[in-house]
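Enquirer: One structure follows; several queries about it will come next.
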Amino acid sequence: MSSGFTGVRVFANRHIGFALTDLAQAGGGTYPVSTTDGGESWRTDGPVLHVPAAQGPIAVGQAGVLGPRIYFAWCGACNMVIDVTPDAGKHWWQTVMPGQVLAVLGGSDTRAGLTAIVEGPTSAPNGQGASLWVYLSTNGRRWTYKYSMNAVS
């Protein structure tokens, strides 16, 4: 596909990148695409991650990378799902977290792994404030709860 598509783009280095885009020719679904030439050309790199009519609440719109092979996507405070590929798009894993996924963080150092910030149910008896749960994963396939913190409202 051409480099003129719209969508969130992230790069692991100056050559390898990952993006999410809605493909009109595929019914408007959101697909992962990747590049190995700095964004000159892009290829579809996995299954449809969101079909608007069939999976309304499981939308994805945020993209990230953890090194050149691990790509991930989530919605950003609109659902509980994180999609991750540990092998540059060959296989994808979908994890349903126990609350709203607010952020997923990665970087260029794969040893650091992925961190997900998840908003849990309200923590105070009066309904003020919410618990923020921190989960870690090395490859996006298994997530481990690490700790919680209270959000200030």
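By convention here, the chains of the structure tokens are called A, B, ... in the order presented, each chain's residues are numbered starting at 1, and ligands are numbered starting at 1 in the order presented.
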With stretch 68-76 of chain A as the partner and 12 Å as the cut-off, tabulate the residues of stretch 16-39 of chain A that qualify, each row holding the nearest pair of atoms and their distance in Å to one decimal, using only C-alpha atoms, sorted by chain and rising number, as CSV.
Expert:
residue,atom,partner,partner_atom,distance
A:Ile16,CA,A:Pro68,CA,6.2
A:Gly17,CA,A:Pro68,CA,7.7
A:Phe18,CA,A:Tyr71,CA,6.8
A:Ala19,CA,A:Tyr71,CA,8.9
A:Leu20,CA,A:Ala73,CA,8.0
A:Thr21,CA,A:Ala73,CA,11.4
A:Thr30,CA,A:Ala73,CA,10.6
A:Tyr31,CA,A:Ala73,CA,10.3
A:Pro32,CA,A:Ala73,CA,8.6
A:Val33,CA,A:Tyr71,CA,10.1
A:Ser34,CA,A:Tyr71,CA,9.3
A:Thr35,CA,A:Pro68,CA,10.5
A:Thr36,CA,A:Pro68,CA,9.4
Enquirer: Could you find all residues in stretch 16-76 of chain A that DSSP calls strand (DSSP E or B) from the backbone, and write them as a PyMOL selection string?
Expert: chain A and resi 17-23+29-35+43-44+50+62-66+70-74
Enquirer: Write the residues you've just listed into a file as a PDB file, in the first residue's frame, and include C-alpha atoms for each of them.
Expert:
ATOM      1  CA  GLY A  17       7.714   0.985  11.745  1.00  0.00           C
ATOM      2  CA  PHE A  18       4.176  -0.036  12.641  1.00  0.00           C
ATOM      3  CA  ALA A  19       0.864   1.722  12.095  1.00  0.00           C
ATOM      4  CA  LEU A  20      -2.880   1.290  12.314  1.00  0.00           C
ATOM      5  CA  THR A  21      -5.101   2.328   9.434  1.00  0.00           C
ATOM      6  CA  ASP A  22      -8.695   1.934   8.350  1.00  0.00           C
ATOM      7  CA  LEU A  23      -8.892   0.296   4.934  1.00  0.00           C
ATOM      8  CA  GLY A  29     -11.809  -2.297   9.307  1.00  0.00           C
ATOM      9  CA  THR A  30      -8.716  -1.260  11.242  1.00  0.00           C
ATOM     10  CA  TYR A  31      -5.617  -3.168  10.143  1.00  0.00           C
ATOM     11  CA  PRO A  32      -2.016  -3.282  11.337  1.00  0.00           C
ATOM     12  CA  VAL A  33       0.521  -2.284   8.691  1.00  0.00           C
ATOM     13  CA  SER A  34       4.303  -2.270   8.846  1.00  0.00           C
ATOM     14  CA  THR A  35       7.307  -0.924   6.991  1.00  0.00           C
ATOM     15  CA  ARG A  43       2.217  -3.798   3.943  1.00  0.00           C
ATOM     16  CA  THR A  44      -0.760  -5.225   5.807  1.00  0.00           C
ATOM     17  CA  HIS A  50     -11.434  -3.961  14.496  1.00  0.00           C
ATOM     18  CA  GLN A  62      -3.248   3.681  19.597  1.00  0.00           C
ATOM     19  CA  ALA A  63      -0.111   1.965  18.331  1.00  0.00           C
ATOM     20  CA  GLY A  64       3.249   1.213  19.894  1.00  0.00           C
ATOM     21  CA  VAL A  65       6.427  -0.789  19.412  1.00  0.00           C
ATOM     22  CA  LEU A  66       8.800  -2.616  21.694  1.00  0.00           C
ATOM     23  CA  ILE A  70       6.898  -6.517  19.031  1.00  0.00           C
ATOM     24  CA  TYR A  71       4.017  -4.271  17.915  1.00  0.00           C
ATOM     25  CA  PHE A  72       0.947  -3.514  20.001  1.00  0.00           C
ATOM     26  CA  ALA A  73      -2.372  -1.703  19.763  1.00  0.00           C
ATOM     27  CA  TRP A  74      -5.098  -0.592  22.161  1.00  0.00           C
TER      28      TRP A  74
END
Enquirer: Given the choices A:Ala12, A:Leu114, A:Leu105, A:Val60, which gets closest to A:Arg142 if the distance is worked out from only C-alpha atoms?
Expert: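 When distances to A:Arg142 are compared using only C-alpha atoms, the smallest one comes from A:Leu114.
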